[in-house]
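Heads up: the structure comes next, in structure tokens.
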Amino acid sequence: MLKSFINAARLRTLPLSLSGIIVGSFLAFADGFFDWRICLLALITTIGFQVLSNFANDYGDGIKGTDNADRIGPKRALQSGAISPKQMLNAIKITGGITFVVALILIYISFGKENLTYFFLFLVFGVASLVAAIKYTMGNKAYGYSGYGDVFVFLFFGWLSVVGSYFLYTKQLDLTVFLPATSIGMLSAGVLNLNNIRDRESDAKSNKITLVVKIGEEFAKYYHYYLLIFSFLLALLYNALHYKSLIQFIFVIAFIPIFRHLFTVYKNKDAKLLDPELKKLALSTFLFAMLFGLGQIL
């Protein structure tokens, strides 16, 4: 049973979810602000939200019948019968509760009693993250079934993750931080888009109306190109605005596999063959986060 829950947690998705916190933390460190407690708690909170989202996704798609024989990716826990709906629902409640408590501790350590406005603002962000993680595929109005998944991934994995974590350290807002935050958001949306290109046919049959189902595979590929190319350009722009040395551009290394990935998507004629590219793009995003961050402090 434990092994089934570990599989349902989809640990391979964690590097992507941590990328925004990594960038935000490096940027704060480069500006002279850092606290290991905030860093550790922010990473744990993000892992919690990601696992919660994966559990909820497994439950929502399993209950709705979206995870079926037509699906290309690995079998999910409910789909295979390894975990019952009741067991998964209990796991969602427990994971959500623990994650929210950790988030509360994070917010309190960052702002304390002295910044109640910021405390309550980030409390709202925490609740919103909790709801977003659950409502992607769960419920009658799951936003992942109406084409809004990309927007939420961009906002939560990009802007909230990078700018939010930066603010937890610094208690100030630097508008240029939105540039790398947008880069991370676009790369994260690219991973979701690739997943939805792969699953387009099965999603359409299950009435899961993703953005790809709405616009079709050809336009989804163009959308994919724009996401990844603009993520690169915005990272370049940030470093041009904050130029100190050439080492800041070390992140370009991470875009070598990303641009090779773009060429693979461009040549692809069978969406089923794109499944291995998901892992490559997610890990490349994590590599970008690490190299971009290191470039700011070396």
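Ordered as shown in the structure tokens, chains take letters A, B, and onward, while each chain numbers its residues from 1 and ligands are numbered from 1 in the order shown.
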**Near-segment 132-140 of chain A list (8 Å; only C-alpha atoms; drop same-chain fewer than 4 positions) as a PyMOL selection string** = chain A and resi 49-50+52-53+56-57+59-61+128+144-145+149+152
**Asked** Where in segment 5-227 of chain A does DSSP assign helix (DSSP H, G or I), given as a PyMOL selection string?
**Response** chain A and resi 5-9+11-30+36-64+77-80+85-111+116-135+143-145+149-170+175-198+200-205+211-227
**Test item: residues at most 8 Å from segment 269-271 of chain A, only C-alpha atoms, excluding those fewer than 4 positions along its chain, as a ChimeraX atom specification** = /A:197-199,275
**Asked** What's the 12 Å shell around Leu291 of chain A, counting only C-alpha atoms, without same-chain residues fewer than 6 positions away, as a ChimeraX atom specification?
**Response** /A:19,22-23,26-27,235,247-255,284-285,297-298
Give one line per residue of segment 41-145 of chain A that approaches segment 169-182 of chain A to at most 10 Å, naming the two atoms of the closest pair and their distance in Å to one decimal, counting only C-alpha atoms; sort by chain then ascending residue number and deliver it as a tab-separated table.
```
residue	atom	partner	partner_atom	distance
A:Ser110	CA	A:Tyr169	CA	6.9
A:Phe111	CA	A:Lys171	CA	8.2
A:Asn115	CA	A:Lys171	CA	9.3
A:Tyr118	CA	A:Lys171	CA	8.4
```
Go ahead and save the picked residues with N, CA and C atoms, as an mmCIF file, in the first residue's frame.
```cif
data_model
loop_
_atom_site.group_PDB
_atom_site.id
_atom_site.type_symbol
_atom_site.label_atom_id
_atom_site.label_comp_id
_atom_site.auth_asym_id
_atom_site.auth_seq_id
_atom_site.Cartn_x
_atom_site.Cartn_y
_atom_site.Cartn_z
ATOM 1 N N SER A 110 8.282 33.964 8.688
ATOM 2 C CA SER A 110 8.675 35.047 7.788
ATOM 3 C C SER A 110 8.190 36.411 8.271
ATOM 4 N N PHE A 111 6.935 36.488 8.706
ATOM 5 C CA PHE A 111 6.334 37.793 9.007
ATOM 6 C C PHE A 111 6.067 38.035 10.488
ATOM 7 N N ASN A 115 4.079 41.976 10.972
ATOM 8 C CA ASN A 115 3.569 42.261 9.625
ATOM 9 C C ASN A 115 2.273 41.491 9.381
ATOM 10 N N TYR A 118 0.875 41.372 5.729
ATOM 11 C CA TYR A 118 1.554 40.376 4.887
ATOM 12 C C TYR A 118 1.191 38.961 5.323
#
```
